[in-house]
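Engineer: Input input-v7.txt, format and content: compact mmCIF, C-alpha atoms.
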# COMPACT_ATOMS: atom_id res chain seq x y z
CA MET N 84 -19.32 -31.24 0.12
CA PRO N 85 -18.07 -30.83 -3.48
CA ALA N 86 -15.03 -28.57 -3.96
CA LYS N 87 -16.89 -25.88 -5.92
CA GLU N 88 -19.65 -25.67 -3.31
CA ALA N 89 -17.05 -25.46 -0.52
CA LYS N 90 -15.20 -22.70 -2.39
CA ASP N 91 -18.44 -20.75 -2.98
CA ARG N 92 -19.36 -21.08 0.71
CA PHE N 93 -15.88 -19.91 1.72
CA LEU N 94 -16.09 -16.86 -0.59
CA THR N 95 -19.57 -16.08 0.80
CA LEU N 96 -18.15 -16.16 4.34
CA LEU N 97 -15.38 -13.79 3.25
CA ASP N 98 -17.99 -11.41 1.85
CA ILE N 99 -19.66 -11.29 5.28
CA TYR N 100 -16.51 -10.01 6.89
CA PHE N 101 -15.05 -7.88 4.11
CA ASP N 102 -17.29 -5.37 2.38
CA PRO N 103 -15.63 -4.00 -0.79
CA GLU N 104 -18.07 -1.07 -0.97
CA GLU N 105 -17.32 -0.01 2.62
CA TYR N 106 -13.60 -0.42 1.92
CA LEU N 107 -13.81 1.69 -1.21
CA ALA N 108 -15.72 4.36 0.74
CA ARG N 109 -12.83 4.44 3.26
CA VAL N 110 -10.34 4.70 0.37
CA HIS N 111 -12.26 7.66 -1.06
CA SER N 112 -12.57 9.32 2.34
CA THR N 113 -8.81 9.05 2.84
CA ARG N 114 -8.20 10.31 -0.70
CA ASP N 115 -10.38 13.35 0.07
CA TYR N 116 -8.45 14.01 3.30
CA ILE N 117 -5.11 13.90 1.44
CA LYS N 118 -6.44 16.14 -1.33
CA GLU N 119 -7.19 18.77 1.32
CA LYS N 120 -3.52 18.66 2.39
CA ILE N 121 -1.90 18.86 -1.07
CA PRO N 122 -2.07 21.72 -3.59
CA GLN N 123 -5.25 21.91 -5.63
CA GLY N 124 -4.84 20.19 -8.98
CA PHE N 125 -1.88 18.04 -7.89
CA THR N 126 -2.45 14.53 -9.26
CA PRO N 127 0.33 12.00 -8.82
CA HIS N 128 1.27 9.93 -11.83
CA VAL N 129 3.57 7.63 -9.84
CA ALA N 130 3.37 6.19 -6.32
CA LEU N 131 6.54 4.99 -4.61
CA THR N 132 6.81 2.95 -1.44
CA LEU N 133 10.24 3.81 -0.09
CA GLY N 134 11.45 1.12 2.27
CA SER N 135 14.54 0.74 4.40
CA GLY N 136 16.64 -1.09 1.81
CA GLY N 137 18.68 1.98 0.87
CA LEU N 138 16.28 3.43 -1.68
CA GLY N 139 14.36 5.33 1.00
CA GLU N 140 16.82 8.11 0.19
CA ILE N 141 14.84 8.73 -3.02
CA ALA N 142 12.60 10.86 -0.80
CA HIS N 143 15.35 13.50 -0.80
CA VAL N 144 15.08 14.03 -4.56
CA ILE N 145 11.34 14.72 -4.45
CA ASN N 146 10.65 18.44 -4.86
CA ARG N 147 8.02 18.46 -2.11
CA VAL N 148 4.71 20.27 -2.19
CA ALA N 149 3.36 18.52 0.95
CA THR N 150 4.46 16.12 3.68
CA ILE N 151 1.82 14.41 5.82
CA PRO N 152 2.60 12.13 8.81
CA TYR N 153 0.83 8.76 8.63
CA GLU N 154 -0.60 9.34 12.11
CA GLU N 155 -2.73 12.14 10.64
CA ILE N 156 -4.02 10.16 7.65
CA PRO N 157 -7.23 8.17 8.25
CA GLY N 158 -6.61 4.46 7.70
CA PHE N 159 -2.82 4.67 7.60
CA LYS N 160 -0.91 2.65 10.19
CA LYS N 161 2.08 3.84 12.19
CA THR N 162 5.29 2.23 10.99
CA THR N 163 7.43 0.36 13.52
CA ILE N 164 10.44 -0.68 11.42
CA ASP N 165 13.74 1.24 11.52
CA GLY N 166 14.13 3.31 8.36
CA HIS N 167 10.37 3.53 7.78
CA LEU N 168 9.72 7.13 8.77
CA GLY N 169 5.96 7.19 8.26
CA PHE N 170 5.33 10.13 5.95
CA LEU N 171 3.40 10.62 2.73
CA ILE N 172 5.35 12.98 0.49
CA ALA N 173 3.71 14.68 -2.48
CA GLY N 174 5.90 16.41 -5.02
CA TYR N 175 7.81 16.16 -8.25
CA ILE N 176 10.75 14.19 -9.60
CA SER N 177 11.90 15.74 -12.89
CA ASP N 178 8.49 17.38 -13.38
CA ILE N 179 6.67 14.08 -12.83
CA PRO N 180 4.09 14.32 -10.01
CA VAL N 181 4.67 11.59 -7.45
CA ILE N 182 3.62 10.52 -4.02
CA GLY N 183 6.17 8.75 -1.91
CA TYR N 184 5.33 6.61 1.07
CA GLN N 185 8.26 6.75 3.48
CA GLY N 186 7.81 3.30 4.94
CA ARG N 187 5.00 0.84 5.18
CA GLN N 188 3.57 -1.71 7.53
CA HIS N 189 4.74 -5.30 7.04
CA TYR N 190 2.57 -8.40 7.15
CA TYR N 191 4.42 -9.74 10.19
CA GLU N 192 3.61 -6.53 12.09
CA LEU N 193 -0.11 -7.23 11.92
CA GLY N 194 -0.09 -9.74 14.75
CA ASN N 195 -2.85 -12.29 15.06
CA GLN N 196 -5.67 -11.26 12.75
CA PRO N 197 -8.87 -13.31 12.75
CA ASN N 198 -9.65 -12.40 9.13
CA GLN N 199 -6.73 -12.47 6.70
CA VAL N 200 -8.69 -10.73 3.93
CA ILE N 201 -9.32 -7.69 6.09
CA ALA N 202 -5.74 -7.76 7.40
CA LEU N 203 -4.30 -7.79 3.89
CA LYS N 204 -6.69 -5.16 2.57
CA ASN N 205 -5.66 -2.90 5.46
CA LEU N 206 -2.01 -3.62 4.69
CA THR N 207 -2.45 -2.66 1.03
CA PHE N 208 -4.74 0.29 1.82
CA PRO N 209 -2.13 2.95 0.85
CA VAL N 210 -1.80 1.39 -2.61
CA TYR N 211 -5.55 1.67 -3.17
CA VAL N 212 -5.43 5.27 -1.92
CA ALA N 213 -2.59 6.06 -4.37
CA ARG N 214 -4.75 4.77 -7.22
CA ALA N 215 -7.72 6.78 -5.99
CA LEU N 216 -5.49 9.89 -6.02
CA GLY N 217 -4.75 9.21 -9.69
CA ALA N 218 -1.45 7.29 -9.65
CA GLU N 219 -1.11 4.99 -12.62
CA LEU N 220 2.29 3.47 -11.80
CA TYR N 221 3.37 1.92 -8.52
CA PHE N 222 6.90 1.02 -7.45
CA ALA N 223 7.78 -0.61 -4.15
CA THR N 224 11.32 -0.65 -2.83
CA ASN N 225 12.41 -3.17 -0.25
CA ALA N 226 15.39 -4.98 1.21
CA GLY N 227 14.90 -8.07 -0.98
CA GLY N 228 18.54 -7.87 -2.05
CA GLY N 229 19.49 -8.69 1.51
CA LEU N 230 19.05 -12.33 0.55
CA ASN N 231 22.21 -12.16 -1.56
CA PRO N 232 25.40 -11.50 0.45
CA ASP N 233 27.08 -10.01 -2.66
CA TYR N 234 24.59 -7.12 -2.75
CA LYS N 235 25.17 -3.92 -0.81
CA GLN N 236 22.51 -1.64 0.68
CA GLY N 237 21.03 0.44 -2.14
CA ASP N 238 21.94 -2.00 -4.94
CA LEU N 239 19.17 -2.24 -7.47
CA MET N 240 17.51 -5.55 -8.19
CA ILE N 241 14.28 -6.22 -10.00
CA ILE N 242 11.66 -8.60 -8.68
CA GLU N 243 9.41 -9.51 -11.58
CA SER N 244 6.44 -10.23 -9.33
CA HIS N 245 6.01 -10.77 -5.63
CA ILE N 246 2.25 -11.27 -5.74
CA GLY N 247 1.67 -14.86 -4.75
CA ILE N 248 5.17 -15.43 -3.34
CA HIS N 249 3.62 -15.36 0.11
CA PHE N 250 0.51 -16.92 1.54
CA PRO N 251 -1.94 -15.41 1.96
CA ASN N 252 -2.01 -13.50 -1.29
CA PRO N 253 -2.76 -9.75 -0.86
CA LEU N 254 -5.38 -10.01 -3.60
CA LEU N 255 -7.37 -12.56 -1.59
CA GLY N 256 -11.04 -11.83 -1.13
CA PRO N 257 -13.66 -9.98 -3.12
CA PRO N 258 -12.28 -7.50 -5.65
CA VAL N 259 -12.26 -3.77 -4.91
CA GLU N 260 -13.15 -2.10 -8.18
CA PHE N 261 -12.76 1.59 -9.00
Could you render the structure from this file as structure tokens?
Structural biologist:
Amino acid sequence: MPAKEAKDRFLTLLDIYFDPEEYLARVHSTRDYIKEKIPQGFTPHVALTLGSGGLGEIAHVINRVATIPYEEIPGFKKTTIDGHLGFLIAGYISDIPVIGYQGRQHYYELGNQPNQVIALKNLTFPVYVARALGAELYFATNAGGGLNPDYKQGDLMIIESHIGIHFPNPLLGPPVEF
């Protein structure tokens, strides 16, 4: 079988298991649930994933208008890592509307998933929800500096791009378009 034909067949099989329209409907349903829990008219400009690498403390500078436990949010997964508290925080930092995710699920927490596209789309679900809420900027904090013994917890480092550093890529599968 020629490579292009094999690739097309593979992508067709992925489409069978992952339905972008159904996924987007779940994103919108979750967005609507969150909108019911935050003040009317609040639209975040920035979304922050606050991990356990020391920058999770940023949550304390958010002037909160709402805090929602992940367990209450449709489609959000309970966090199992120390330092990942499992709350969505809506509020303001210096008059900028933000949502902060206190923790996230990691790829290695997913266990054995038969379909990596669905697993990764579920892992990145909160990012899609942030965009559906109106966020235009996304920042993820993590403990990536832990790879350098000279860094201390909370030191700032910039990772230019982590998309594609791991296999499988979180953008794998059919696109989800807004």
Engineer: Just the number, please: distance in Å from CA of Phe170 in chain N to CA of Arg147 in chain N, one decimal.
Structural biologist: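 For CA of Phe170 in chain N relative to CA of Arg147 in chain N, the distance reads 11.9 Å.
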Engineer: What is the CA of Leu131 in chain N to CA of Thr224 in chain N distance in Å?
Structural biologist: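 Between CA of Leu131 in chain N and CA of Thr224 in chain N the gap is 7.6 Å.
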Engineer: Of the candidates N:Ser112, N:Gln123, N:Thr132, N:Gln199, which one gets nearest to Phe222 in chain N if we count all atoms listed in the file?
Structural biologist: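 Smallest distance to Phe222 in chain N is found for N:Thr132.
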Engineer: Which residue out of N:Pro257, N:Gly134, N:Pro122, N:Pro103 has the minimum interatomic distance to His189 in chain N when all atoms listed in the file are used?
Structural biologist: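 Selected residue with least distance to His189 in chain N: N:Gly134.
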Engineer: Counting all atoms listed in the file, which of N:Asn198, N:Asn205, N:Asn231, N:Asn146 gets nearest to Tyr100 in chain N?
Structural biologist: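 The closest residue to Tyr100 in chain N is N:Asn198.
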Engineer: Do you know which residues lie at most 10 Å from (3.0, 27.3, -1.3), with coordinates as in the file and all atoms listed in the file counted, and could you write them as number ranges by chain?
Structural biologist: N: 121-122, 148-149
Engineer: Could you dump the residues just selected with C-alpha atoms as a PDB file, keeping the file's coordinate frame?
Structural biologist:
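Result went into selection-v3.pdb, see below:
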ATOM      1  CA  ILE N 121      -1.900  18.860  -1.070  1.00  0.00           C
ATOM      2  CA  PRO N 122      -2.070  21.720  -3.590  1.00  0.00           C
ATOM      3  CA  VAL N 148       4.710  20.270  -2.190  1.00  0.00           C
ATOM      4  CA  ALA N 149       3.360  18.520   0.950  1.00  0.00           C
TER       5      ALA N 149
END
Engineer: Point out the residue among N:Phe125, N:Tyr116, N:Tyr211, N:Tyr175 with the least atom-to-atom distance to Ile151 in chain N, counting only C-alpha atoms.
Structural biologist: N:Tyr116
Engineer: Take CA of Ser177 in chain N and CA of His111 in chain N and report the distance between them in Å, one decimal.
Structural biologist: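 One can read the CA of Ser177 in chain N to CA of His111 in chain N distance as 28.1 Å.
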Engineer: I'd like the neighbourhood of Ile176 in chain N as an mmCIF file with C-alpha atoms, keeping the file's coordinate frame, where a residue qualifies if any of its atoms comes within 9 Å (using all atoms listed in the file), though same-chain residues fewer than 2 positions away should be ignored.
Structural biologist:
data_model
loop_
_atom_site.group_PDB
_atom_site.id
_atom_site.type_symbol
_atom_site.label_atom_id
_atom_site.label_comp_id
_atom_site.auth_asym_id
_atom_site.auth_seq_id
_atom_site.Cartn_x
_atom_site.Cartn_y
_atom_site.Cartn_z
ATOM 1 C CA VAL N 144 15.080 14.030 -4.560
ATOM 2 C CA ILE N 145 11.340 14.720 -4.450
ATOM 3 C CA ASN N 146 10.650 18.440 -4.860
ATOM 4 C CA GLY N 174 5.900 16.410 -5.020
ATOM 5 C CA ASP N 178 8.490 17.380 -13.380
ATOM 6 C CA ILE N 179 6.670 14.080 -12.830
ATOM 7 C CA PRO N 180 4.090 14.320 -10.010
ATOM 8 C CA VAL N 181 4.670 11.590 -7.450
#
